[in-house]
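K.L.:
Okay, so here is structure.txt, and as you'll see once you scroll down, it has compact mmCIF, N, CA and C atoms.
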```txt
# COMPACT_ATOMS: atom_id res chain seq x y z
N GLN A 386 99.58 114.32 137.45
CA GLN A 386 98.93 115.12 136.41
C GLN A 386 98.85 114.30 135.13
N VAL A 387 97.65 114.19 134.60
CA VAL A 387 97.44 113.42 133.38
C VAL A 387 97.94 114.23 132.19
N GLN A 388 98.70 113.55 131.34
CA GLN A 388 99.22 114.22 130.16
C GLN A 388 99.20 113.27 128.97
N LEU A 389 98.69 113.75 127.86
CA LEU A 389 98.71 113.04 126.59
C LEU A 389 99.59 113.82 125.64
N VAL A 390 100.58 113.15 125.09
CA VAL A 390 101.53 113.83 124.20
C VAL A 390 101.53 113.13 122.85
N GLU A 391 101.02 113.85 121.86
CA GLU A 391 100.95 113.32 120.50
C GLU A 391 102.21 113.71 119.73
N SER A 392 102.66 112.83 118.84
CA SER A 392 103.83 113.11 118.03
C SER A 392 103.75 112.34 116.72
N GLY A 393 104.64 112.67 115.79
CA GLY A 393 104.72 111.94 114.53
C GLY A 393 104.13 112.65 113.34
N GLY A 394 103.52 113.81 113.56
CA GLY A 394 102.96 114.55 112.46
C GLY A 394 104.03 115.18 111.59
N GLY A 395 103.58 115.81 110.50
CA GLY A 395 104.51 116.47 109.61
C GLY A 395 103.88 116.78 108.28
N LEU A 396 104.72 117.18 107.34
CA LEU A 396 104.28 117.49 105.99
C LEU A 396 104.58 116.27 105.10
N VAL A 397 103.56 115.83 104.40
CA VAL A 397 103.71 114.65 103.53
C VAL A 397 102.95 114.89 102.24
N GLN A 398 103.43 114.29 101.17
CA GLN A 398 102.77 114.42 99.89
C GLN A 398 101.55 113.50 99.83
N PRO A 399 100.58 113.84 99.00
CA PRO A 399 99.44 112.94 98.82
C PRO A 399 99.90 111.54 98.44
N GLY A 400 99.28 110.56 99.05
CA GLY A 400 99.68 109.18 98.85
C GLY A 400 100.71 108.68 99.83
N GLY A 401 101.26 109.57 100.62
CA GLY A 401 102.29 109.20 101.58
C GLY A 401 101.72 108.62 102.87
N SER A 402 102.62 108.33 103.79
CA SER A 402 102.24 107.69 105.05
C SER A 402 102.88 108.42 106.23
N LEU A 403 102.21 108.34 107.36
CA LEU A 403 102.74 108.81 108.63
C LEU A 403 102.26 107.87 109.73
N ARG A 404 103.04 107.79 110.80
CA ARG A 404 102.62 107.04 111.97
C ARG A 404 102.63 107.97 113.17
N LEU A 405 101.46 108.18 113.74
CA LEU A 405 101.32 109.02 114.92
C LEU A 405 101.43 108.18 116.18
N SER A 406 101.97 108.80 117.23
CA SER A 406 102.05 108.16 118.53
C SER A 406 101.43 109.06 119.58
N CYS A 407 100.91 108.46 120.61
CA CYS A 407 100.33 109.19 121.73
C CYS A 407 100.81 108.54 123.01
N ALA A 408 101.66 109.24 123.73
CA ALA A 408 102.20 108.72 124.98
C ALA A 408 101.42 109.31 126.15
N ALA A 409 100.94 108.45 127.02
CA ALA A 409 100.17 108.90 128.18
C ALA A 409 101.03 108.82 129.43
N SER A 410 100.90 109.82 130.28
CA SER A 410 101.57 109.82 131.57
C SER A 410 100.60 110.31 132.63
N GLY A 411 100.83 109.89 133.86
CA GLY A 411 99.96 110.30 134.94
C GLY A 411 98.67 109.50 135.01
N THR A 412 98.51 108.56 134.12
CA THR A 412 97.33 107.70 134.11
C THR A 412 97.66 106.45 133.32
N ILE A 413 96.96 105.37 133.63
CA ILE A 413 97.13 104.13 132.88
C ILE A 413 95.96 104.02 131.91
N ILE A 414 96.26 103.92 130.63
CA ILE A 414 95.19 103.92 129.65
C ILE A 414 94.75 102.52 129.27
N SER A 415 95.36 101.50 129.83
CA SER A 415 95.10 100.15 129.36
C SER A 415 93.65 99.73 129.51
N GLY A 416 92.95 100.27 130.51
CA GLY A 416 91.57 99.86 130.71
C GLY A 416 90.58 100.71 129.95
N ASN A 417 91.07 101.71 129.24
CA ASN A 417 90.18 102.66 128.58
C ASN A 417 90.11 102.42 127.08
N ALA A 418 88.91 102.58 126.55
CA ALA A 418 88.79 102.69 125.11
C ALA A 418 89.40 104.03 124.73
N MET A 419 90.26 104.01 123.72
CA MET A 419 90.97 105.21 123.31
C MET A 419 90.64 105.55 121.86
N ALA A 420 90.91 106.78 121.49
CA ALA A 420 90.56 107.20 120.14
C ALA A 420 91.50 108.28 119.64
N TRP A 421 91.54 108.40 118.34
CA TRP A 421 92.19 109.52 117.68
C TRP A 421 91.10 110.43 117.13
N TYR A 422 91.32 111.71 117.30
CA TYR A 422 90.43 112.74 116.79
C TYR A 422 91.25 113.68 115.92
N ARG A 423 90.57 114.46 115.10
CA ARG A 423 91.28 115.48 114.32
C ARG A 423 90.40 116.72 114.17
N GLN A 424 91.07 117.82 114.01
CA GLN A 424 90.37 119.09 113.81
C GLN A 424 91.06 119.86 112.71
N ALA A 425 90.33 120.08 111.64
CA ALA A 425 90.83 120.87 110.52
C ALA A 425 90.44 122.34 110.74
N PRO A 426 91.16 123.25 110.11
CA PRO A 426 90.86 124.68 110.29
C PRO A 426 89.40 124.98 109.95
N GLY A 427 88.73 125.67 110.86
CA GLY A 427 87.35 126.06 110.63
C GLY A 427 86.33 124.96 110.80
N LYS A 428 86.77 123.79 111.24
CA LYS A 428 85.85 122.67 111.41
C LYS A 428 85.87 122.17 112.85
N GLU A 429 84.83 121.43 113.21
CA GLU A 429 84.77 120.87 114.54
C GLU A 429 85.68 119.63 114.64
N ARG A 430 86.07 119.33 115.86
CA ARG A 430 86.86 118.14 116.09
C ARG A 430 86.02 116.91 115.77
N GLU A 431 86.60 115.93 115.08
CA GLU A 431 85.86 114.74 114.70
C GLU A 431 86.62 113.49 115.13
N LEU A 432 85.86 112.43 115.38
CA LEU A 432 86.43 111.15 115.74
C LEU A 432 86.96 110.47 114.48
N VAL A 433 88.19 110.02 114.52
CA VAL A 433 88.81 109.36 113.38
C VAL A 433 88.80 107.84 113.54
N ALA A 434 89.21 107.37 114.71
CA ALA A 434 89.30 105.94 114.95
C ALA A 434 89.29 105.68 116.44
N SER A 435 88.77 104.53 116.84
CA SER A 435 88.74 104.16 118.25
C SER A 435 89.13 102.70 118.40
N ILE A 436 89.55 102.36 119.62
CA ILE A 436 89.99 100.99 119.91
C ILE A 436 89.64 100.68 121.36
N THR A 437 89.19 99.46 121.60
CA THR A 437 88.85 99.07 122.97
C THR A 437 90.12 98.81 123.78
N GLY A 438 89.93 98.66 125.10
CA GLY A 438 91.07 98.51 125.99
C GLY A 438 91.94 97.30 125.68
N THR A 439 91.32 96.25 125.19
CA THR A 439 92.06 95.02 124.89
C THR A 439 92.38 94.88 123.41
N SER A 440 92.11 95.93 122.64
CA SER A 440 92.35 95.94 121.19
C SER A 440 91.46 94.96 120.44
N SER A 441 90.40 94.49 121.08
CA SER A 441 89.55 93.50 120.43
C SER A 441 88.64 94.10 119.38
N LEU A 442 88.35 95.39 119.51
CA LEU A 442 87.46 96.04 118.55
C LEU A 442 88.03 97.38 118.14
N THR A 443 87.93 97.67 116.87
CA THR A 443 88.31 98.99 116.36
C THR A 443 87.18 99.52 115.49
N ASN A 444 87.10 100.83 115.42
CA ASN A 444 86.13 101.49 114.56
C ASN A 444 86.78 102.68 113.88
N TYR A 445 86.31 102.96 112.66
CA TYR A 445 86.90 104.03 111.88
C TYR A 445 85.82 104.90 111.26
N ALA A 446 86.14 106.17 111.12
CA ALA A 446 85.29 107.05 110.34
C ALA A 446 85.31 106.56 108.89
N ALA A 447 84.21 106.74 108.22
CA ALA A 447 84.10 106.26 106.83
C ALA A 447 85.19 106.87 105.94
N SER A 448 85.57 108.10 106.26
CA SER A 448 86.54 108.80 105.42
C SER A 448 87.94 108.23 105.50
N VAL A 449 88.24 107.44 106.54
CA VAL A 449 89.59 106.91 106.70
C VAL A 449 89.63 105.38 106.68
N LYS A 450 88.49 104.75 106.65
CA LYS A 450 88.45 103.28 106.68
C LYS A 450 89.23 102.71 105.50
N GLY A 451 90.08 101.73 105.80
CA GLY A 451 90.89 101.11 104.77
C GLY A 451 92.22 101.79 104.55
N ARG A 452 92.39 102.98 105.12
CA ARG A 452 93.65 103.72 104.96
C ARG A 452 94.38 103.89 106.30
N PHE A 453 93.64 104.03 107.37
CA PHE A 453 94.21 104.25 108.70
C PHE A 453 94.05 103.00 109.55
N THR A 454 95.02 102.79 110.45
CA THR A 454 94.95 101.68 111.38
C THR A 454 95.32 102.16 112.78
N ILE A 455 94.41 101.96 113.71
CA ILE A 455 94.66 102.32 115.10
C ILE A 455 95.16 101.10 115.85
N SER A 456 96.11 101.31 116.74
CA SER A 456 96.62 100.22 117.56
C SER A 456 97.12 100.79 118.89
N ARG A 457 97.46 99.90 119.81
CA ARG A 457 97.92 100.35 121.10
C ARG A 457 98.90 99.35 121.68
N ASP A 458 99.77 99.86 122.53
CA ASP A 458 100.69 99.01 123.28
C ASP A 458 100.48 99.35 124.74
N ASN A 459 99.68 98.57 125.42
CA ASN A 459 99.35 98.88 126.81
C ASN A 459 100.57 98.81 127.72
N ALA A 460 101.53 97.97 127.39
CA ALA A 460 102.75 97.89 128.20
C ALA A 460 103.52 99.21 128.16
N LYS A 461 103.40 99.91 127.04
CA LYS A 461 104.08 101.20 126.88
C LYS A 461 103.16 102.38 127.14
N ASN A 462 101.89 102.07 127.46
CA ASN A 462 100.92 103.15 127.70
C ASN A 462 100.85 104.10 126.52
N THR A 463 100.83 103.54 125.32
CA THR A 463 100.93 104.33 124.10
C THR A 463 99.90 103.88 123.07
N LEU A 464 99.39 104.86 122.36
CA LEU A 464 98.41 104.66 121.29
C LEU A 464 99.06 105.06 119.97
N TYR A 465 98.69 104.38 118.89
CA TYR A 465 99.27 104.67 117.58
C TYR A 465 98.18 104.86 116.53
N LEU A 466 98.55 105.57 115.46
CA LEU A 466 97.69 105.67 114.29
C LEU A 466 98.58 105.61 113.05
N GLN A 467 98.48 104.52 112.32
CA GLN A 467 99.18 104.39 111.05
C GLN A 467 98.29 104.94 109.96
N MET A 468 98.81 105.91 109.23
CA MET A 468 98.02 106.57 108.20
C MET A 468 98.69 106.37 106.86
N ASN A 469 98.00 105.69 105.97
CA ASN A 469 98.50 105.43 104.62
C ASN A 469 97.62 106.11 103.59
N SER A 470 98.13 106.22 102.37
CA SER A 470 97.37 106.81 101.26
C SER A 470 96.75 108.15 101.67
N LEU A 471 97.57 108.98 102.26
CA LEU A 471 97.06 110.25 102.79
C LEU A 471 96.56 111.16 101.68
N LYS A 472 95.52 111.91 102.00
CA LYS A 472 94.88 112.83 101.08
C LYS A 472 94.95 114.25 101.64
N PRO A 473 94.86 115.25 100.79
CA PRO A 473 94.85 116.64 101.31
C PRO A 473 93.78 116.88 102.34
N GLU A 474 92.65 116.22 102.22
CA GLU A 474 91.56 116.41 103.19
C GLU A 474 91.85 115.78 104.55
N ASP A 475 92.96 115.05 104.67
CA ASP A 475 93.38 114.54 105.97
C ASP A 475 94.17 115.59 106.77
N THR A 476 94.44 116.71 106.16
CA THR A 476 95.18 117.78 106.84
C THR A 476 94.39 118.27 108.05
N ALA A 477 95.02 118.22 109.22
CA ALA A 477 94.36 118.60 110.47
C ALA A 477 95.37 118.47 111.61
N VAL A 478 94.96 118.95 112.76
CA VAL A 478 95.68 118.64 114.00
C VAL A 478 95.05 117.38 114.58
N TYR A 479 95.87 116.41 114.88
CA TYR A 479 95.41 115.12 115.38
C TYR A 479 95.65 115.02 116.87
N TYR A 480 94.62 114.55 117.59
CA TYR A 480 94.66 114.41 119.04
C TYR A 480 94.28 112.98 119.43
N CYS A 481 94.80 112.54 120.55
CA CYS A 481 94.33 111.29 121.12
C CYS A 481 93.61 111.60 122.43
N ASN A 482 92.72 110.72 122.82
CA ASN A 482 92.03 110.87 124.10
C ASN A 482 91.24 109.61 124.38
N ALA A 483 90.83 109.47 125.61
CA ALA A 483 89.90 108.40 125.95
C ALA A 483 88.57 108.68 125.26
N VAL A 484 87.87 107.61 124.91
CA VAL A 484 86.57 107.78 124.27
C VAL A 484 85.62 108.53 125.20
N TRP A 485 85.54 108.07 126.46
CA TRP A 485 84.72 108.76 127.47
C TRP A 485 84.94 108.12 128.83
N PRO A 486 85.09 108.93 129.89
CA PRO A 486 85.18 110.38 129.84
C PRO A 486 86.53 110.83 129.30
N HIS A 487 86.54 111.97 128.68
CA HIS A 487 87.78 112.49 128.13
C HIS A 487 88.77 112.84 129.24
N LEU A 488 90.04 112.66 128.92
CA LEU A 488 91.12 113.15 129.76
C LEU A 488 91.46 114.57 129.30
N SER A 489 92.42 115.18 129.94
CA SER A 489 92.84 116.50 129.48
C SER A 489 93.42 116.39 128.07
N TRP A 490 93.01 117.30 127.20
CA TRP A 490 93.50 117.26 125.82
C TRP A 490 94.97 117.68 125.75
N GLY A 491 95.71 116.98 124.89
CA GLY A 491 97.08 117.37 124.64
C GLY A 491 97.15 118.48 123.61
N GLN A 492 98.36 118.76 123.16
CA GLN A 492 98.57 119.82 122.18
C GLN A 492 98.27 119.36 120.76
N GLY A 493 98.24 118.08 120.56
CA GLY A 493 98.00 117.57 119.22
C GLY A 493 99.26 117.58 118.37
N THR A 494 99.16 116.97 117.20
CA THR A 494 100.27 116.96 116.25
C THR A 494 99.72 117.31 114.88
N GLN A 495 100.37 118.24 114.20
CA GLN A 495 99.90 118.75 112.92
C GLN A 495 100.25 117.79 111.80
N VAL A 496 99.26 117.45 111.01
CA VAL A 496 99.47 116.65 109.80
C VAL A 496 99.06 117.50 108.61
N THR A 497 99.97 117.69 107.69
CA THR A 497 99.69 118.48 106.49
C THR A 497 99.99 117.62 105.27
N VAL A 498 98.98 117.44 104.45
CA VAL A 498 99.12 116.64 103.23
C VAL A 498 99.03 117.59 102.05
N SER A 499 100.14 117.77 101.38
CA SER A 499 100.19 118.74 100.29
C SER A 499 101.35 118.42 99.36
N SER A 500 101.16 118.73 98.10
CA SER A 500 102.24 118.56 97.13
C SER A 500 103.02 119.86 96.98
```
For the structure just supplied, provide its representation as structure tokens.
P.N.:
Amino acid sequence: QVQLVESGGGLVQPGGSLRLSCAASGTIISGNAMAWYRQAPGKERELVASITGTSSLTNYAASVKGRFTISRDNAKNTLYLQMNSLKPEDTAVYYCNAVWPHLSWGQGTQVTVSS
């Protein structure tokens, strides 16, 4: 059974940092382009950042470019998202998944940026 488990979220003040992790089980993600997505209350899920299977290419949404860094450790079957200079508008539930085709969605991890 394929399972994606996101962790590392929490409450942080504006300007703070968090590092999210996504552990995959039941599947090997090393050959897949992977991505982080987020969904804020009342909004559609959006792509935040993506990375190719070999980490050779990364892409970011304009709203997070320069602040977020996506990375992966294929030996650990794990995806990461380093988030710096967090803003209140980054508040959302963050999910990881393959770019396409999607795997089963995990529960996500809540990130709340507030003073």
K.L.:
Report, in Å with one decimal, the straight-line distance from atom CA of A:Gly394 to atom CA of A:Thr439.
P.N.:
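Going from atom CA of A:Gly394 over to atom CA of A:Thr439 covers 25.6 Å.
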K.L.:
How many Å lie between atom CA of A:Ala408 and atom CA of A:Ser500, rounded to one decimal?
P.N.:
29.5 Å
K.L.:
Pick the closest to A:Leu403 from A:Cys481, A:Ser456, A:Trp490, A:Asn469: which is it, counting all atoms listed in the file?
P.N.:
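Residue with the minimum atom-to-atom distance to A:Leu403: A:Asn469.
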K.L.:
Could you tell me how far atom CA of A:Ser392 sits from atom CA of A:Lys450, in Å to one decimal place?
P.N.:
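Going from atom CA of A:Lys450 over to atom CA of A:Ser392, I get 21.5 Å.
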K.L.:
Using only C-alpha atoms, which protein or nucleic acid residues come within 10 Å of A:Asn417? Drop anything in the same chain fewer than 3 positions from it, and give the result as an mmCIF file with N, CA and C atoms, in the coordinates of the input.
P.N.:
```
data_model
loop_
_atom_site.group_PDB
_atom_site.id
_atom_site.type_symbol
_atom_site.label_atom_id
_atom_site.label_comp_id
_atom_site.auth_asym_id
_atom_site.auth_seq_id
_atom_site.Cartn_x
_atom_site.Cartn_y
_atom_site.Cartn_z
ATOM 1 N N ILE A 413 96.960 105.370 133.630
ATOM 2 C CA ILE A 413 97.130 104.130 132.880
ATOM 3 C C ILE A 413 95.960 104.020 131.910
ATOM 4 N N ILE A 414 96.260 103.920 130.630
ATOM 5 C CA ILE A 414 95.190 103.920 129.650
ATOM 6 C C ILE A 414 94.750 102.520 129.270
ATOM 7 N N ALA A 420 90.910 106.780 121.490
ATOM 8 C CA ALA A 420 90.560 107.200 120.140
ATOM 9 C C ALA A 420 91.500 108.280 119.640
ATOM 10 N N ILE A 436 89.550 102.360 119.620
ATOM 11 C CA ILE A 436 89.990 100.990 119.910
ATOM 12 C C ILE A 436 89.640 100.680 121.360
ATOM 13 N N THR A 437 89.190 99.460 121.600
ATOM 14 C CA THR A 437 88.850 99.070 122.970
ATOM 15 C C THR A 437 90.120 98.810 123.780
ATOM 16 N N GLY A 438 89.930 98.660 125.100
ATOM 17 C CA GLY A 438 91.070 98.510 125.990
ATOM 18 C C GLY A 438 91.940 97.300 125.680
ATOM 19 N N THR A 439 91.320 96.250 125.190
ATOM 20 C CA THR A 439 92.060 95.020 124.890
ATOM 21 C C THR A 439 92.380 94.880 123.410
ATOM 22 N N ASN A 482 92.720 110.720 122.820
ATOM 23 C CA ASN A 482 92.030 110.870 124.100
ATOM 24 C C ASN A 482 91.240 109.610 124.380
ATOM 25 N N ALA A 483 90.830 109.470 125.610
ATOM 26 C CA ALA A 483 89.900 108.400 125.950
ATOM 27 C C ALA A 483 88.570 108.680 125.260
ATOM 28 N N VAL A 484 87.870 107.610 124.910
ATOM 29 C CA VAL A 484 86.570 107.780 124.270
ATOM 30 C C VAL A 484 85.620 108.530 125.200
ATOM 31 N N TRP A 485 85.540 108.070 126.460
ATOM 32 C CA TRP A 485 84.720 108.760 127.470
ATOM 33 C C TRP A 485 84.940 108.120 128.830
ATOM 34 N N PRO A 486 85.090 108.930 129.890
ATOM 35 C CA PRO A 486 85.180 110.380 129.840
ATOM 36 C C PRO A 486 86.530 110.830 129.300
#
```
